[in-house]
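Undergrad: I have a structure here, written as structure tokens, and I will follow up with some questions on it.
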Amino acid sequence: MNTELKMKRCGIIITYRCNLKCKLCTAYSPYYKKPPHFSYESLALSIDKYFSMVSFVDKFTVSGGEPLIHDEFEKIMKHLLEYSNQIGTIEIITNGTIVPKISFLKVINGCEKISFLIDDYGDHLSTKISSLEELFSKNRINYSVRNNNEINAHCNGWIDFGDFTQKWFAQEDIDGIFNKCAIPQKMNFCFTIKNGEIHPCGPSYRCMELGVIPKNENEFIDLLSENTTVNQKREKLIDIQKCSSLTACKFCNGMCEDSPRFPPAEQLD
């Protein structure tokens with residue numbers, strides 16, 4: 001029986017609330033009437049369940065929405081750091097609009113595993129870039145700034161996964177979009193914990209959430225389920241990484257090299 005599982009990457013969404021309204025948001029934050037906002041208790045439990053299943057993850061990402069909006073952000077990070085020996089890098093993705101409280105510095109206590117990824121959407125949106133760089137440089141916190149301005153944008157801009165109407169019907173075409181998509185191919189999936197479940201990609205979770213496809217138990221892991229053992233969850237996660245396509249691929253444009261690109265962070269009215 002396999003009792004070890006190492007992952008290249010995984011992450012957790014701690015809130016879907018955001019102070020921006022990006023049209024092509026990959027978390028679909030602006031499209032919720034009431035964006036889900038998870039309690040510390042539920043997030044801590046998901047983190048506990050994840051690290052009981054995974055022995056080591058190279059990169060664990062904390063994101064949103066905008067994670068710094070969460071009023072218990074520091075408490076969440078303190079709990080996550082209890083598993084720092086099972087994590088290579090802890091990445092926090094922020095949109096450059098909020099500066100962490102000074103008390104956050106005490107929580108991380110100089111942990112060199114923490115690194116901020118700051119998305120720069122331009123001076124009109126990401127208004128705190130300079131303040132963040134000053135704080136992080138002064139306190140020796142690792143960070144990088146990802147250019148998401150219209151000129152020389154990261155990956156040449158954002159993509160549109162589509163409206164989740166069915167795009168592909170023949171299995172050959174479904175497998176074809178899967179084989180072109182960077183999420184399963186280049187990124188070895190984008191596993192993220194959302195509301196106590198691990199999903200391999202955002203569009204798959206969104207399709208299930210909207211009822212476009214049924215919740216296929218072979219394509220996500222319910223971390224909180226008492227009906228499956230830790231080892232069964234672990235084996236299911238391994239099996240997902242071996243799949244040739246996901247049900248959601250029928251309804252998705254994919255993240256492909258030839259996908260049309262759009263200006264980052266276009267704001268909804």
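Chain identifiers are assigned as A, B, and so on, following the order in which chains appear in the structure tokens; residues are numbered from 1 within each chain, and ligands are numbered from 1 in order of appearance.
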Please provide the set of residues having any atom within 8 Å of Glu91 (chain A), restricted to only C-alpha atoms, with same-chain residues fewer than 4 positions apart removed, written as a list in words.
TA: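 Residues near the query, excluding close chain neighbours: Lys59, Phe60, Thr61, Val62, Ile114, Ser115, Phe116 and Leu117 of chain A.
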Undergrad: Could you write out the selected residues, including N, CA and C atoms, as a CSV table (one decimal), in the first residue's frame?
TA:
chain,number,residue,atom,x,y,z
A,59,LYS,N,5.3,23.2,-4.4
A,59,LYS,CA,4.8,24.6,-4.2
A,59,LYS,C,3.3,24.5,-3.8
A,60,PHE,N,3.0,25.2,-2.7
A,60,PHE,CA,1.6,25.3,-2.2
A,60,PHE,C,1.2,26.8,-2.3
A,61,THR,N,0.1,27.1,-3.0
A,61,THR,CA,-0.3,28.4,-3.3
A,61,THR,C,-1.5,28.8,-2.5
A,62,VAL,N,-1.5,30.0,-2.0
A,62,VAL,CA,-2.7,30.6,-1.3
A,62,VAL,C,-3.2,31.7,-2.2
A,114,ILE,N,8.3,31.4,2.3
A,114,ILE,CA,7.1,32.2,1.8
A,114,ILE,C,7.6,33.1,0.7
A,115,SER,N,6.8,33.2,-0.3
A,115,SER,CA,7.1,34.1,-1.5
A,115,SER,C,5.8,34.7,-2.0
A,116,PHE,N,5.8,35.9,-2.2
A,116,PHE,CA,4.6,36.6,-2.7
A,116,PHE,C,4.7,36.7,-4.3
A,117,LEU,N,3.7,36.4,-5.0
A,117,LEU,CA,3.6,36.7,-6.4
A,117,LEU,C,2.6,37.8,-6.6
Undergrad: Which residues are close to region 233-243 of chain A, i.e. within 8 Å by only C-alpha atoms, leaving aside same-chain residues fewer than 5 positions away? Reply as JSON, numbers by chain.
TA: {"A": [5, 53, 54, 184, 188, 189, 200, 218, 219, 220, 221, 222, 223, 228]}
Undergrad: Could you please write out, as a PyMOL selection string, every residue of region 110-181 of chain A that DSSP assigns to strand (DSSP E or B)?
TA: chain A and resi 114-120+142-147+158
Undergrad: Within region 45-209 of chain A, find each residue whose DSSP state, derived from the backbone, is helix (DSSP H, G or I), and express the selection as number ranges by chain.
TA: A: 45-53, 67-69, 73-86, 103-108, 129-138, 154-156, 171-180, 182-185, 202-209
Undergrad: Let me make sure I understand: among A:Arg146, A:Ile193, A:Val107, A:Gln267, which one has the smallest atom-to-atom distance to Tyr205 (chain A) if we use only C-alpha atoms?
TA: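 Comparing A:Arg146, A:Ile193, A:Val107, A:Gln267 against Tyr205 (chain A), the winner is A:Ile193.
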Undergrad: Do you have the CA of Thr127 (chain A)-CA of Ala27 (chain A) distance handy?
TA: 21.4 Å
Undergrad: Please report the interatomic distance between CA of Leu210 (chain A) and CA of Lys34 (chain A) in Å with one decimal.
TA: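 We find that CA of Leu210 (chain A) and CA of Lys34 (chain A) lie 14.4 Å from each other.
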Undergrad: Can you tell me which residues surround Cys18 (chain A) at a distance of at most 7 Å, considering only C-alpha atoms, apart from same-chain residues fewer than 2 positions away, and format the answer as number ranges by chain?
TA: A: 16, 20, 29, 65-66
